[in-house]
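**Q** Quick one: structure below, then a few questions.
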Amino acid sequence: MTGAATPEHEWRFPNRATPVGSSAYYSVRFSPPPRRDTLAALFGWRHELRAILDEVSDPGVARLKLDWWRNELIRTADGAPRHPLSLALAPAITEHALPDEPFLAIAERVEDELRGRRAADDQARRVAAERDLGALFELIARCHGFTADTDLDRARRLGGWCEQVRRIRDGGLLLRRGREAVPEARLAAAGLSHEALAARDQRHRLPGLVRQLGQALGEQAPTAAETRALPPTLRIQARIHAALLDELDRSGYAVTDQRIGLTPLRKLWIAWRAQ
């Protein structure tokens with residue numbers, strides 16, 4: 001007879017942050033079985049914080065909710081977690097000596113977007129992405145036993161690169177929600193502002209602008225040698241996002257009114273080969 005599910009059970013793999021068919025699902029599915037629940041919970045931390053941007057319409061309430069999660073991280077480190085996700089994360093934080101900084105970096109990026117802060121240029125966009133998905137990738141690397149600064153930096157850079165690919169994919173959605181779709185410098189060079197680009201008669205210019213970003217990311221794509229040195233979870237993420245960037249390019253970066261992605265079957269094939 002099985003016992004009653006504990007509160008943290010809902011964050012075991014797969015969970016709502018790693019749903020079947022997603023890139024997160026396949027990258028965790030092909031990781032070592034003992035680590036899957038921990039990795040799924042880490043994806044859950046970022047998922048819950050990022051959800052504030054889309055699920056809470058009042059900025060003041062959103063910031064209060066974000067502060068609650070920051071305080072929950074402190075409680076978890078002190079051995080007194082309250083949330084089921086924190087209960088799921090607590091053993092991993094202790095076992096792998098996970099530092100607060102990457103968790104807080106993800107929270108800071110959410111706050112930046114809540115306050116409408118936008119990247120001034122490509123460099124600022126890269127740094128912001130590394131503080132978001134890059135921070136999650138660092139935590140994942142640490143849970144695989146990677147502790148050398150060079151490995152952790154490589155994981156952060158890869159996460160930042162993947163996040164920038166995602167932001168291109170989501171360019172039209174971000175634009176409609178009043179969030180950054182293109183860095184300020186590129187908009188200024190095109191004689192535009194975020195507000196002007198969001199106007200109905202100018203939105204057709206988005207594909208051309210994100211194409212420039214995509215081409216730059218293609219030149220910065222992680223090499224096979226760089227990803228080979230990382231754990232399978234991150235190698236799979238690298239391959240899936242590289243394939244996504246290729247798909248965006250083939251579509252002509254037609255992201256204004258659609259969300260281009262890979263089929264679950266294709267992600268499965270990529271993950272199986274990358275492991």
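Letters for chains follow the order of the structure tokens (A, B, ...), residue numbers begin at 1 for each chain, and ligand numbers begin at 1 in the order shown.
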Excluding region 172-180 of chain A and any residue of its chain fewer than 4 positions from it, enumerate the residues within 8 Å of it, using only C-alpha atoms, and give them as a list in words.

**A**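 The contact residues come out as Glu113, Gly116, Arg118, Ala119, Arg167, His194, Glu195, Leu197, Ala198, Leu206, Val255, Thr256, Asp257, Gln258 and Arg259 of chain A.
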
**Q** Report as a count of residues only all protein, DNA and RNA residues lying within 10 Å of Gly44 (chain A), evaluated on only C-alpha atoms, omitting residues in the same chain fewer than 4 positions from it.

**A** 16

**Q** Which is closer to Gln220 (chain A) than all the others in A:Leu42, A:Leu158, A:Ala77, A:Leu248, using only C-alpha atoms?

**A**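 Closest residue, counting only C-alpha atoms: A:Leu158.
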
**Q** Extract, using only C-alpha atoms, all DNA, RNA and protein residues at most 12 Å from region 183-188 of chain A, discarding same-chain residues fewer than 5 positions from it, and format them as number ranges by chain.

**A** A: 117-126, 128, 164, 167-168, 171, 175, 193-198, 202, 205-206, 208-213

**Q** Looking at only C-alpha atoms, which of A:Pro59, A:Pro91, A:Pro231, A:Gly79 is the one that sits closest to Ala41 (chain A)?

**A**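 Counting only C-alpha atoms, the residue closest to Ala41 (chain A) is A:Pro91.
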
**Q** Here is a test: counting only C-alpha atoms, which residue of A:Ala254, A:Ala181, A:Leu245, A:Ile240 is nearest to Ile270 (chain A)?

**A**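 Of A:Ala254, A:Ala181, A:Leu245, A:Ile240, the one nearest Ile270 (chain A) is A:Ile240, counting only C-alpha atoms.
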
**Q** Need the shell around Val110 (chain A): protein/DNA/RNA residues with any atom at most 9 Å away, counting only C-alpha atoms. Skip same-chain ones fewer than 5 positions apart. Format as a list in words?

**A** Leu49, Arg50, Ile52, Leu53, Leu66, Ala105, Arg115 and Asp132 of chain A

**Q** If we count only C-alpha atoms, what is near Ala107 (chain A) at a cut-off of 12 Å, once residues fewer than 6 positions away on the same chain are taken out, given as a PDB file with C-alpha atoms, in the first residue's frame?

**A**
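File written: around21.pdb
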ATOM      1  CA  TRP A  45      11.145  27.799  -9.078  1.00  0.00           C
ATOM      2  CA  ARG A  46      11.639  29.784 -12.273  1.00  0.00           C
ATOM      3  CA  HIS A  47       8.187  28.810 -13.543  1.00  0.00           C
ATOM      4  CA  GLU A  48       6.415  30.069 -10.421  1.00  0.00           C
ATOM      5  CA  LEU A  49       8.276  33.385 -10.420  1.00  0.00           C
ATOM      6  CA  ARG A  50       7.846  33.985 -14.152  1.00  0.00           C
ATOM      7  CA  ALA A  51       4.133  33.165 -13.821  1.00  0.00           C
ATOM      8  CA  ILE A  52       3.728  36.323 -11.728  1.00  0.00           C
ATOM      9  CA  LEU A  53       4.291  38.385 -14.889  1.00  0.00           C
ATOM     10  CA  ALA A  62       2.842  41.241  -8.207  1.00  0.00           C
ATOM     11  CA  ARG A  63       5.789  42.781  -6.358  1.00  0.00           C
ATOM     12  CA  LEU A  64       4.372  41.623  -3.006  1.00  0.00           C
ATOM     13  CA  LYS A  65       4.086  38.099  -4.363  1.00  0.00           C
ATOM     14  CA  LEU A  66       7.660  38.261  -5.653  1.00  0.00           C
ATOM     15  CA  ASP A  67       8.868  39.469  -2.249  1.00  0.00           C
ATOM     16  CA  TRP A  68       7.031  36.552  -0.644  1.00  0.00           C
ATOM     17  CA  TRP A  69       9.083  34.139  -2.754  1.00  0.00           C
ATOM     18  CA  ARG A  70      12.313  35.921  -1.811  1.00  0.00           C
ATOM     19  CA  ASN A  71      11.403  35.567   1.845  1.00  0.00           C
ATOM     20  CA  GLU A  72      10.453  31.949   1.263  1.00  0.00           C
ATOM     21  CA  LEU A  73      13.953  31.310  -0.061  1.00  0.00           C
ATOM     22  CA  ASP A 100      21.018  31.944  -2.916  1.00  0.00           C
ATOM     23  CA  GLU A 101      22.399  34.151  -5.706  1.00  0.00           C
ATOM     24  CA  GLU A 113      10.111  43.222 -16.147  1.00  0.00           C
ATOM     25  CA  LEU A 114       7.442  44.171 -13.605  1.00  0.00           C
ATOM     26  CA  ALA A 128      19.765  39.924 -18.434  1.00  0.00           C
ATOM     27  CA  ARG A 131      20.609  36.287 -14.903  1.00  0.00           C
ATOM     28  CA  ASP A 132      17.369  34.503 -15.811  1.00  0.00           C
ATOM     29  CA  LEU A 133      17.562  31.141 -17.563  1.00  0.00           C
ATOM     30  CA  ALA A 135      20.958  31.280 -13.400  1.00  0.00           C
ATOM     31  CA  LEU A 136      18.683  28.237 -13.616  1.00  0.00           C
TER      32      LEU A 136
END

**Q** Can you measure CA of Phe30 (chain A) to CA of Ile236 (chain A) for me? One decimal in Å is fine.

**A**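 Taking CA of Phe30 (chain A) as the start and CA of Ile236 (chain A) as the end point, the length is 8.5 Å.
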
**Q** So that I can check the surroundings of region 139-148 of chain A, please list as a PyMOL selection string every protein, DNA and RNA residue that reaches within 8 Å of it, counting only C-alpha atoms and ignoring chain neighbours fewer than 4 positions away.

**A** chain A and resi 35+39+42+92+96+98+102+135+152+155+230-231+233-234

**Q** Kindly indicate which residue among A:Arg75, A:Arg228, A:His241, A:Arg266 lies nearest to Val165 (chain A), using only C-alpha atoms for the distances.

**A**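 Smallest distance to Val165 (chain A) is found for A:His241.
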
**Q** Which residue out of A:Ser251, A:Thr94, A:Thr76, A:Gln237 has the minimum interatomic distance to Tyr26 (chain A) when only C-alpha atoms are used?

**A** A:Gln237

**Q** So, with only C-alpha atoms as the atoms that count, which of A:Arg200, A:Arg235, A:Gly60, A:Pro34 lies closest to Glu111 (chain A)?

**A**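 Looking only at the distances to Glu111 (chain A), the closest residue turns out to be A:Gly60.
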
**Q** Quote the spacing between CA of Gly261 (chain A) and CA of Arg29 (chain A) in Å to one decimal place.

**A** 19.3 Å
